[in-house]
Structure formats: structure tokens, C-alpha cells
file query_20.pdb (PDB, C-alpha atoms)
ATOM      1  CA  MET A1187      26.620 -31.874 -79.733
ATOM      2  CA  LYS A1188      27.826 -28.283 -79.690
ATOM      3  CA  ARG A1189      24.189 -27.185 -79.498
ATOM      4  CA  MET A1190      23.539 -29.486 -76.533
ATOM      5  CA  ILE A1191      26.630 -28.216 -74.721
ATOM      6  CA  SER A1192      25.526 -24.660 -75.322
ATOM      7  CA  VAL A1193      22.105 -25.453 -73.871
ATOM      8  CA  LEU A1194      23.643 -27.117 -70.795
ATOM      9  CA  LEU A1195      25.968 -24.175 -70.230
ATOM     10  CA  ALA A1196      23.053 -21.794 -70.503
ATOM     11  CA  CYS A1197      21.069 -23.797 -67.959
ATOM     12  CA  CYS A1198      24.006 -23.810 -65.545
ATOM     13  CA  MET A1199      24.418 -20.077 -65.893
ATOM     14  CA  MET A1200      20.715 -19.521 -65.231
ATOM     15  CA  ALA A1201      20.867 -21.736 -62.158
ATOM     16  CA  ALA A1202      23.877 -19.837 -60.871
ATOM     17  CA  VAL A1203      22.185 -16.493 -61.435
ATOM     18  CA  THR A1204      18.993 -17.731 -59.748
ATOM     19  CA  GLY A1205      21.029 -19.082 -56.828
ATOM     20  CA  CYS A1206      22.857 -15.802 -56.399
ATOM     21  CA  GLY A1207      19.587 -13.918 -56.515
ATOM     22  CA  THR A1208      18.093 -16.153 -53.856
ATOM     23  CA  SER A1209      21.202 -15.796 -51.681
ATOM     24  CA  GLU A1210      21.189 -12.030 -52.056
ATOM     25  CA  GLU A1211      17.468 -11.914 -51.173
ATOM     26  CA  ALA A1212      18.059 -14.085 -48.119
ATOM     27  CA  VAL A1213      20.887 -11.829 -46.969
ATOM     28  CA  GLN A1214      18.730  -8.753 -47.506
ATOM     29  CA  ASN A1215      15.834 -10.316 -45.547
ATOM     30  CA  GLN A1216      18.170 -11.273 -42.722
ATOM     31  CA  THR A1217      19.696  -7.790 -42.664
ATOM     32  CA  GLN A1218      16.224  -6.206 -42.600
ATOM     33  CA  ALA A1219      15.114  -8.519 -39.790
ATOM     34  CA  GLU A1220      18.190  -7.651 -37.734
ATOM     35  CA  LYS A1221      17.562  -3.950 -38.354
ATOM     36  CA  GLU A1222      13.935  -4.231 -37.211
ATOM     37  CA  GLN A1223      14.988  -6.173 -34.140
ATOM     38  CA  GLN A1224      17.509  -3.462 -33.232
ATOM     39  CA  GLU A1225      14.875  -0.743 -33.720
ATOM     40  CA  ASN A1226      12.473  -2.645 -31.465
ATOM     41  CA  VAL A1227      15.097  -2.732 -28.730
ATOM     42  CA  GLN A1228      15.785   0.971 -29.056
ATOM     43  CA  ASN A1229      12.144   1.968 -29.520
ATOM     44  CA  PRO A1230       9.804  -0.431 -27.697
ATOM     45  CA  SER A1231       6.272  -0.785 -28.982
ATOM     46  CA  GLU A1232       3.357   0.986 -27.325
ATOM     47  CA  ASN A1233       2.247  -2.254 -25.708
ATOM     48  CA  GLU A1234       5.680  -2.790 -24.233
ATOM     49  CA  ASN A1235       5.681   0.780 -22.947
ATOM     50  CA  ALA A1236       2.306   0.212 -21.344
ATOM     51  CA  GLN A1237       3.621  -2.824 -19.527
ATOM     52  CA  THR A1238       6.510  -0.874 -18.037
ATOM     53  CA  ASP A1239       4.535   2.251 -17.094
ATOM     54  CA  GLY A1240       3.978   2.679 -13.346
ATOM     55  CA  LYS A1241       0.646   1.611 -11.920
ATOM     56  CA  THR A1242      -1.689   3.071  -9.312
ATOM     57  CA  LEU A1243      -2.342   1.522  -5.919
ATOM     58  CA  VAL A1244      -5.084   2.356  -3.426
ATOM     59  CA  VAL A1245      -4.051   1.492   0.136
ATOM     60  CA  TYR A1246      -6.582   1.852   2.934
ATOM     61  CA  TYR A1247      -7.420   1.092   6.516
ATOM     62  CA  SER A1248     -11.130   1.012   7.294
ATOM     63  CA  ALA A1249     -12.545   0.689  10.790
ATOM     64  CA  THR A1250     -16.276   0.763  10.025
ATOM     65  CA  GLY A1251     -16.438   0.343   6.241
ATOM     66  CA  ASN A1252     -16.656   3.997   5.159
ATOM     67  CA  THR A1253     -13.037   4.245   4.017
ATOM     68  CA  GLU A1254     -13.281   0.857   2.334
ATOM     69  CA  THR A1255     -16.218   2.101   0.260
ATOM     70  CA  VAL A1256     -14.353   5.197  -0.926
ATOM     71  CA  ALA A1257     -11.242   3.133  -1.661
ATOM     72  CA  GLY A1258     -13.351   0.816  -3.807
ATOM     73  CA  TYR A1259     -14.769   3.749  -5.769
ATOM     74  CA  LEU A1260     -11.246   5.059  -6.342
ATOM     75  CA  ALA A1261      -9.915   1.722  -7.518
ATOM     76  CA  ASP A1262     -12.831   1.260  -9.914
ATOM     77  CA  ALA A1263     -12.484   4.762 -11.378
ATOM     78  CA  LEU A1264      -8.710   4.497 -11.797
ATOM     79  CA  GLY A1265      -8.388   0.831 -12.693
ATOM     80  CA  ALA A1266      -6.059   0.633  -9.688
ATOM     81  CA  ASP A1267      -5.043  -2.203  -7.412
ATOM     82  CA  LEU A1268      -6.331  -2.376  -3.833
ATOM     83  CA  PHE A1269      -4.439  -3.168  -0.649
ATOM     84  CA  GLU A1270      -6.149  -3.310   2.731
ATOM     85  CA  ILE A1271      -4.224  -2.556   5.909
ATOM     86  CA  THR A1272      -5.399  -5.196   8.381
ATOM     87  CA  PRO A1273      -4.409  -5.256  12.070
ATOM     88  CA  VAL A1274      -3.519  -8.671  13.476
ATOM     89  CA  GLN A1275      -5.933  -7.812  16.272
ATOM     90  CA  PRO A1276      -8.914  -6.171  14.559
ATOM     91  CA  TYR A1277     -10.787  -3.358  16.263
ATOM     92  CA  THR A1278     -14.221  -4.358  17.533
ATOM     93  CA  ALA A1279     -17.171  -2.019  17.971
ATOM     94  CA  ASP A1280     -16.340  -1.788  21.684
ATOM     95  CA  ASP A1281     -12.698  -1.053  20.840
ATOM     96  CA  LEU A1282     -13.821   1.864  18.680
ATOM     97  CA  ASN A1283     -16.081   3.456  21.308
ATOM     98  CA  TRP A1284     -14.222   6.739  21.665
ATOM     99  CA  SER A1285     -16.698   7.971  24.302
ATOM    100  CA  ASP A1286     -15.572   5.183  26.643
ATOM    101  CA  ASP A1287     -12.353   6.149  28.397
ATOM    102  CA  THR A1288     -11.464   2.484  28.871
ATOM    103  CA  SER A1289     -11.934   1.448  25.216
ATOM    104  CA  ARG A1290      -8.966   0.388  23.133
ATOM    105  CA  VAL A1291      -8.822   3.518  20.973
ATOM    106  CA  SER A1292      -9.259   5.782  23.991
ATOM    107  CA  ARG A1293      -6.371   4.123  25.805
ATOM    108  CA  GLU A1294      -4.211   4.243  22.667
ATOM    109  CA  HIS A1295      -5.061   7.895  22.182
ATOM    110  CA  GLU A1296      -3.996   8.730  25.725
ATOM    111  CA  ASP A1297      -0.820   6.634  25.563
ATOM    112  CA  ALA A1298       1.059   6.981  22.254
ATOM    113  CA  SER A1299       3.247   3.997  23.132
ATOM    114  CA  LEU A1300       0.190   1.779  22.648
ATOM    115  CA  ARG A1301      -0.367   2.924  19.056
ATOM    116  CA  THR A1302       2.104   0.498  17.493
ATOM    117  CA  VAL A1303      -0.377  -1.824  15.781
ATOM    118  CA  GLU A1304       0.903  -5.107  14.405
ATOM    119  CA  LEU A1305      -0.320  -5.678  10.856
ATOM    120  CA  GLU A1306      -1.018  -8.908   9.021
ATOM    121  CA  GLN A1307       1.016  -7.516   6.126
ATOM    122  CA  ASP A1308       2.764  -4.159   5.840
ATOM    123  CA  THR A1309       4.372  -4.467   2.392
ATOM    124  CA  VAL A1310       2.881  -4.838  -1.079
ATOM    125  CA  GLU A1311       4.003  -7.325  -3.707
ATOM    126  CA  HIS A1312       5.674  -5.622  -6.697
ATOM    127  CA  TRP A1313       5.718  -2.327  -4.784
ATOM    128  CA  GLU A1314       8.303  -0.933  -7.207
ATOM    129  CA  GLU A1315       5.787  -1.057 -10.080
ATOM    130  CA  TYR A1316       3.527   1.597  -8.540
ATOM    131  CA  ASP A1317       4.270   5.246  -9.159
ATOM    132  CA  THR A1318       1.054   6.643  -7.624
ATOM    133  CA  VAL A1319      -0.257   5.575  -4.232
ATOM    134  CA  PHE A1320      -3.516   6.720  -2.648
ATOM    135  CA  ILE A1321      -3.645   6.157   1.123
ATOM    136  CA  GLY A1322      -6.996   6.211   2.892
ATOM    137  CA  TYR A1323      -7.956   6.153   6.551
ATOM    138  CA  PRO A1324     -10.546   7.353   9.068
ATOM    139  CA  ILE A1325      -9.725  10.350  11.239
ATOM    140  CA  TRP A1326      -9.104   9.566  14.916
ATOM    141  CA  TRP A1327      -8.728  12.565  17.194
ATOM    142  CA  GLY A1328      -7.728  14.805  14.295
ATOM    143  CA  ILE A1329      -5.039  12.498  12.859
ATOM    144  CA  ALA A1330      -4.874   9.434  10.622
ATOM    145  CA  ALA A1331      -5.988   6.239  12.335
ATOM    146  CA  TRP A1332      -2.729   4.839  13.678
ATOM    147  CA  PRO A1333      -2.931   1.373  12.071
ATOM    148  CA  VAL A1334      -1.826   3.269   8.933
ATOM    149  CA  ASP A1335       1.433   4.300  10.614
ATOM    150  CA  GLY A1336       2.913   0.817  10.415
ATOM    151  CA  PHE A1337       2.370   0.642   6.662
ATOM    152  CA  VAL A1338       3.816   4.111   6.053
ATOM    153  CA  THR A1339       6.989   3.467   8.045
ATOM    154  CA  ALA A1340       7.519   0.019   6.490
ATOM    155  CA  ASN A1341       7.708   1.253   2.894
ATOM    156  CA  ASP A1342       9.984   3.429   0.782
ATOM    157  CA  PHE A1343       7.972   6.047  -1.135
ATOM    158  CA  THR A1344      10.892   7.390  -3.128
ATOM    159  CA  ASP A1345       9.808   8.474  -6.651
ATOM    160  CA  LYS A1346       6.149   7.858  -5.801
ATOM    161  CA  THR A1347       3.320  10.382  -5.824
ATOM    162  CA  VAL A1348       1.307   9.875  -2.652
ATOM    163  CA  ILE A1349      -2.231  11.208  -2.258
ATOM    164  CA  PRO A1350      -3.973  10.827   1.110
ATOM    165  CA  PHE A1351      -7.727  10.697   1.615
ATOM    166  CA  CYS A1352      -9.816  10.250   4.712
ATOM    167  CA  THR A1353     -13.382   9.646   5.818
ATOM    168  CA  SER A1354     -14.978  11.429   8.728
ATOM    169  CA  SER A1355     -18.445  12.423   9.884
ATOM    170  CA  SER A1356     -17.254  15.849  11.035
ATOM    171  CA  SER A1357     -13.439  16.268  11.256
ATOM    172  CA  ASP A1358     -11.537  17.499   8.219
ATOM    173  CA  LEU A1359      -8.248  16.191   6.838
ATOM    174  CA  GLY A1360      -6.301  18.502   9.114
ATOM    175  CA  GLU A1361      -2.579  17.814   9.274
ATOM    176  CA  SER A1362      -3.005  14.059   8.919
ATOM    177  CA  GLY A1363      -1.423  13.975   5.456
ATOM    178  CA  GLU A1364       1.525  16.140   6.486
ATOM    179  CA  LEU A1365       2.159  14.021   9.572
ATOM    180  CA  LEU A1366       2.197  10.835   7.489
ATOM    181  CA  ALA A1367       4.577  12.467   5.008
ATOM    182  CA  GLU A1368       6.933  13.354   7.853
ATOM    183  CA  MET A1369       6.678   9.808   9.137
ATOM    184  CA  ALA A1370       7.466   8.384   5.676
ATOM    185  CA  GLY A1371      10.362  10.730   4.997
ATOM    186  CA  THR A1372      10.205   9.951   1.262
ATOM    187  CA  GLY A1373       7.768  10.458  -1.600
ATOM    188  CA  ASP A1374       5.980  13.383  -3.210
ATOM    189  CA  TRP A1375       2.988  13.798  -0.894
ATOM    190  CA  GLN A1376       0.114  15.780  -2.368
ATOM    191  CA  GLU A1377      -2.780  17.627  -0.766
ATOM    192  CA  GLY A1378      -5.456  15.131   0.218
ATOM    193  CA  MET A1379      -9.235  14.991   0.458
ATOM    194  CA  ARG A1380     -11.743  14.381   3.213
ATOM    195  CA  PHE A1381     -14.929  12.478   2.361
ATOM    196  CA  ARG A1382     -18.026  12.447   4.499
ATOM    197  CA  SER A1383     -19.419   9.197   5.791
ATOM    198  CA  GLY A1384     -21.551   7.679   3.053
ATOM    199  CA  ALA A1385     -19.682   9.389   0.209
ATOM    200  CA  SER A1386     -20.850   8.380  -3.262
ATOM    201  CA  ALA A1387     -19.025   7.279  -6.378
ATOM    202  CA  GLU A1388     -19.918  10.665  -7.887
ATOM    203  CA  ASP A1389     -18.169  12.438  -5.006
ATOM    204  CA  VAL A1390     -15.031  10.437  -5.661
ATOM    205  CA  GLN A1391     -15.191  10.979  -9.419
ATOM    206  CA  GLY A1392     -15.574  14.715  -8.914
ATOM    207  CA  TRP A1393     -12.434  14.785  -6.779
ATOM    208  CA  LEU A1394     -10.450  12.813  -9.322
ATOM    209  CA  GLU A1395     -11.498  15.217 -12.059
ATOM    210  CA  SER A1396     -10.316  18.145  -9.937
ATOM    211  CA  LEU A1397      -6.896  16.481  -9.589
ATOM    212  CA  GLU A1398      -6.540  16.406 -13.372
ATOM    213  CA  GLN A1399      -7.075  20.159 -13.730
TER     214      GLN A1399
END
call {"tool": "encode", "arguments": {"input": "query_20.pdb", "output": "C-alpha cells"}}
result
Amino acid sequence: MKRMISVLLACCMMAAVTGCGTSEEAVQNQTQAEKEQQENVQNPSENENAQTDGKTLVVYYSATGNTETVAGYLADALGADLFEITPVQPYTADDLNWSDDTSRVSREHEDASLRTVELEQDTVEHWEEYDTVFIGYPIWWGIAAWPVDGFVTANDFTDKTVIPFCTSSSSDLGESGELLAEMAGTGDWQEGMRFRSGASAEDVQGWLESLEQ
């Protein structure tokens, strides 16, 4: 009987020790899990950082397709999003005939009050997520095509790097970028680039590489 009691007591003691060990291990695992969770909050993973990093947006107005082509090359090379500035009343080929004094662009050029162009959409969804914005346009009479003005004045470029680019058969960038920057009033506007009509993807890539230097 004494032997049996001794055995039972020994078994109980072993069970208690095992139980304590399991409890201590559980507490340690819980403490470690809480510690890792706290570290994750303080030091997000690389994937989480990537999700919160600012993105790049390519905004453009294209009258004849040249600026649209360059914008597409930029977006492809940068993995950027695209946003097209679209007038509610699109410009037709006759509207764009600058040699005709009665054409739409000629009349708008002569009378600045006519240059307020209503846009289908002048703001971009999740605008706050973009930290770099490329803005493209054709050159009209030495300045940015005025449909771009409505987009520039409708948005806040604070804390954004803004890089203009234009397409033109002969005119250079001129002061178009500076004038848009003045119109915006916010943002870090960089020196832009003029592309010839029919610019290639290689032309665009070469410019982007020069920006990285």
C-alpha cells in the first residue's frame, strides 16, 4: 500500500511539473508573439513599405496623338499610372487648324478668356498616393496647350515632384513648364523635356536615364 501511494504521489508530481512546463512554454510563446507583433508595428516589413511608398503618375493632354504616344512610353518604362486630360468638347482637326484665323484654337489664342476648357474629369482618384507626376502636352503658340490649365489649377501639388514634357514639331519647351508651375502655386516643378513628333521609346528611355544621373 505504501508503495502504491508513493507511486501515485510520484505520478502527481510529474503531472504537476509537466503542467507547469507547458504553462511556462505557453506564456513564453505568447510573450514572444506579442514582442514580434510590436516589432512589426514599429518596423514594417519591406512589402508593407512598398505599399505605402508614393507612386508615379503620367498625366497628359494629346491633341493629335503624339503626346499620348510619349506618355505611354513613359508609363511603360516607369510602371506608372496614366491619366488622360479630356475636354468635354474635344478638338477636331478643323478646331486645331492654327493657320485658319477663325478656327477654335486661333480664336482661343487671340482671346484668353476663351481658354477655359471644361474637362470630363480634372482630379485623379487616390491623388495623395502619388509623389511624382509627369505632365505632358503639345505646345500651342509657345505655351502648354490650355486644356492642361484646368487640371493644374484643380489639384494641389504640395509635396509632389512635377516633371513637364511636351511634344512639338519645331517649338521647344520654352517657359511652358514655369508658367504651369506659377499657375499651380505648389509642388517641386523640375526642368522638363521637349520631344519631337514621332519620338521613340528609346528617346524617352534616354531622357529618363538622364534624370537619374
call {"tool": "residues_around", "arguments": {"input": "query_20.pdb", "residues": "region 1292-1306 of chain A", "least_positions_apart": "5", "cutoff": "12 Å", "atoms": "all atoms listed in the file", "output": "PDB file with C-alpha atoms, in the frame of the given file"}}
result
ATOM      1  CA  TYR A1247      -7.420   1.092   6.516  1.00  0.00           C
ATOM      2  CA  PHE A1269      -4.439  -3.168  -0.649  1.00  0.00           C
ATOM      3  CA  GLU A1270      -6.149  -3.310   2.731  1.00  0.00           C
ATOM      4  CA  ILE A1271      -4.224  -2.556   5.909  1.00  0.00           C
ATOM      5  CA  THR A1272      -5.399  -5.196   8.381  1.00  0.00           C
ATOM      6  CA  PRO A1273      -4.409  -5.256  12.070  1.00  0.00           C
ATOM      7  CA  VAL A1274      -3.519  -8.671  13.476  1.00  0.00           C
ATOM      8  CA  GLN A1275      -5.933  -7.812  16.272  1.00  0.00           C
ATOM      9  CA  PRO A1276      -8.914  -6.171  14.559  1.00  0.00           C
ATOM     10  CA  TYR A1277     -10.787  -3.358  16.263  1.00  0.00           C
ATOM     11  CA  ASP A1280     -16.340  -1.788  21.684  1.00  0.00           C
ATOM     12  CA  ASP A1281     -12.698  -1.053  20.840  1.00  0.00           C
ATOM     13  CA  LEU A1282     -13.821   1.864  18.680  1.00  0.00           C
ATOM     14  CA  ASN A1283     -16.081   3.456  21.308  1.00  0.00           C
ATOM     15  CA  TRP A1284     -14.222   6.739  21.665  1.00  0.00           C
ATOM     16  CA  SER A1285     -16.698   7.971  24.302  1.00  0.00           C
ATOM     17  CA  ASP A1286     -15.572   5.183  26.643  1.00  0.00           C
ATOM     18  CA  ASP A1287     -12.353   6.149  28.397  1.00  0.00           C
ATOM     19  CA  TRP A1326      -9.104   9.566  14.916  1.00  0.00           C
ATOM     20  CA  TRP A1327      -8.728  12.565  17.194  1.00  0.00           C
ATOM     21  CA  GLY A1328      -7.728  14.805  14.295  1.00  0.00           C
ATOM     22  CA  ILE A1329      -5.039  12.498  12.859  1.00  0.00           C
ATOM     23  CA  ALA A1330      -4.874   9.434  10.622  1.00  0.00           C
ATOM     24  CA  ALA A1331      -5.988   6.239  12.335  1.00  0.00           C
ATOM     25  CA  TRP A1332      -2.729   4.839  13.678  1.00  0.00           C
ATOM     26  CA  PRO A1333      -2.931   1.373  12.071  1.00  0.00           C
ATOM     27  CA  VAL A1334      -1.826   3.269   8.933  1.00  0.00           C
ATOM     28  CA  ASP A1335       1.433   4.300  10.614  1.00  0.00           C
ATOM     29  CA  GLY A1336       2.913   0.817  10.415  1.00  0.00           C
ATOM     30  CA  PHE A1337       2.370   0.642   6.662  1.00  0.00           C
ATOM     31  CA  VAL A1338       3.816   4.111   6.053  1.00  0.00           C
ATOM     32  CA  THR A1339       6.989   3.467   8.045  1.00  0.00           C
ATOM     33  CA  ALA A1340       7.519   0.019   6.490  1.00  0.00           C
TER      34      ALA A1340
END
call {"tool": "closest_residue", "arguments": {"input": "query_20.pdb", "among": "A:Val1390, A:His1312, A:Trp1375, A:Ala1370", "to": "Asp1262 (chain A)", "atoms": "all atoms listed in the file"}}
result
A:Val1390
call {"tool": "residues_near_point", "arguments": {"input": "query_20.pdb", "point": "(-21.3, 10.2, 9.3)", "cutoff": "12 Å", "atoms": "all atoms listed in the file", "output": "list in words"}}
result
Thr1250, Gly1251, Asn1252, Thr1253, Pro1324, Ile1325, Thr1353, Ser1354, Ser1355, Ser1356, Ser1357, Phe1381, Arg1382, Ser1383, Gly1384 and Ala1385 of chain A
call {"tool": "atom_distance", "arguments": {"input": "query_20.pdb", "atom1": "CA of Glu1398 (chain A)", "atom2": "CA of Ile1349 (chain A)"}}
result
13.0 Å
call {"tool": "resolve_selection", "arguments": {"input": "query_20.pdb", "expression": "the PyMOL selection byres ((chain A and resi 1322) around 8)", "output": "list in words"}}
result
Val1244, Val1245, Tyr1246, Tyr1247, Ser1248, Thr1253, Ala1257, Phe1320, Ile1321, Tyr1323, Pro1324, Pro1350, Phe1351, Cys1352 and Thr1353 of chain A
call {"tool": "closest_residue", "arguments": {"input": "query_20.pdb", "among": "A:Thr1255, A:Glu1388, A:Gln1376, A:Ser1362", "to": "Val1319 (chain A)", "atoms": "all atoms listed in the file"}}
result
A:Gln1376
call {"tool": "residues_around", "arguments": {"input": "query_20.pdb", "residues": "Asp1342 (chain A)", "least_positions_apart": "4", "cutoff": "12 Å", "atoms": "all atoms listed in the file", "output": "ChimeraX atom specification"}}
result
/A:1308-1310,1313-1314,1316-1317,1319,1337-1338,1346-1348,1367,1369-1374
call {"tool": "atom_distance", "arguments": {"input": "query_20.pdb", "atom1": "CA of Ala1387 (chain A)", "atom2": "CA of Tyr1259 (chain A)"}}
result
5.6 Å
call {"tool": "build_atoms", "arguments": {"input": "query_20.pdb", "residues": "region 1309-1329 of chain A", "atoms": "N, CA and C atoms", "output": "CSV table (one decimal), keeping the file's coordinate frame"}}
result
chain,number,residue,atom,x,y,z
A,1309,THR,N,3.7,-4.7,3.7
A,1309,THR,CA,4.4,-4.5,2.4
A,1309,THR,C,3.5,-5.0,1.3
A,1310,VAL,N,3.7,-4.5,0.1
A,1310,VAL,CA,2.9,-4.8,-1.1
A,1310,VAL,C,3.8,-5.5,-2.1
A,1311,GLU,N,3.3,-6.6,-2.7
A,1311,GLU,CA,4.0,-7.3,-3.7
A,1311,GLU,C,4.2,-6.4,-4.9
A,1312,HIS,N,5.4,-6.4,-5.5
A,1312,HIS,CA,5.7,-5.6,-6.7
A,1312,HIS,C,5.5,-4.1,-6.4
A,1313,TRP,N,5.8,-3.7,-5.2
A,1313,TRP,CA,5.7,-2.3,-4.8
A,1313,TRP,C,6.4,-1.4,-5.8
A,1314,GLU,N,7.5,-1.8,-6.3
A,1314,GLU,CA,8.3,-0.9,-7.2
A,1314,GLU,C,7.6,-0.6,-8.5
A,1315,GLU,N,6.5,-1.3,-8.8
A,1315,GLU,CA,5.8,-1.1,-10.1
A,1315,GLU,C,4.8,0.1,-10.0
A,1316,TYR,N,4.5,0.5,-8.7
A,1316,TYR,CA,3.5,1.6,-8.5
A,1316,TYR,C,4.2,3.0,-8.5
A,1317,ASP,N,3.7,3.9,-9.2
A,1317,ASP,CA,4.3,5.2,-9.2
A,1317,ASP,C,3.3,6.2,-8.5
A,1318,THR,N,2.0,5.8,-8.3
A,1318,THR,CA,1.1,6.6,-7.6
A,1318,THR,C,0.4,5.8,-6.6
A,1319,VAL,N,0.3,6.3,-5.3
A,1319,VAL,CA,-0.3,5.6,-4.2
A,1319,VAL,C,-1.3,6.5,-3.5
A,1320,PHE,N,-2.5,6.1,-3.5
A,1320,PHE,CA,-3.5,6.7,-2.6
A,1320,PHE,C,-3.6,6.0,-1.3
A,1321,ILE,N,-3.6,6.8,-0.2
A,1321,ILE,CA,-3.6,6.2,1.1
A,1321,ILE,C,-4.9,6.7,1.9
A,1322,GLY,N,-5.8,5.8,2.2
A,1322,GLY,CA,-7.0,6.2,2.9
A,1322,GLY,C,-7.1,5.7,4.3
A,1323,TYR,N,-7.8,6.5,5.1
A,1323,TYR,CA,-8.0,6.2,6.6
A,1323,TYR,C,-9.1,7.0,7.2
A,1324,PRO,N,-9.6,6.5,8.3
A,1324,PRO,CA,-10.5,7.4,9.1
A,1324,PRO,C,-9.7,8.3,9.9
A,1325,ILE,N,-10.4,9.4,10.4
A,1325,ILE,CA,-9.7,10.4,11.2
A,1325,ILE,C,-10.0,10.0,12.7
A,1326,TRP,N,-9.0,9.8,13.5
A,1326,TRP,CA,-9.1,9.6,14.9
A,1326,TRP,C,-8.5,10.7,15.7
A,1327,TRP,N,-9.2,11.4,16.4
A,1327,TRP,CA,-8.7,12.6,17.2
A,1327,TRP,C,-7.9,13.5,16.3
A,1328,GLY,N,-8.4,13.8,15.1
A,1328,GLY,CA,-7.7,14.8,14.3
A,1328,GLY,C,-6.5,14.3,13.5
A,1329,ILE,N,-6.2,13.0,13.6
A,1329,ILE,CA,-5.0,12.5,12.9
A,1329,ILE,C,-5.5,11.2,12.2
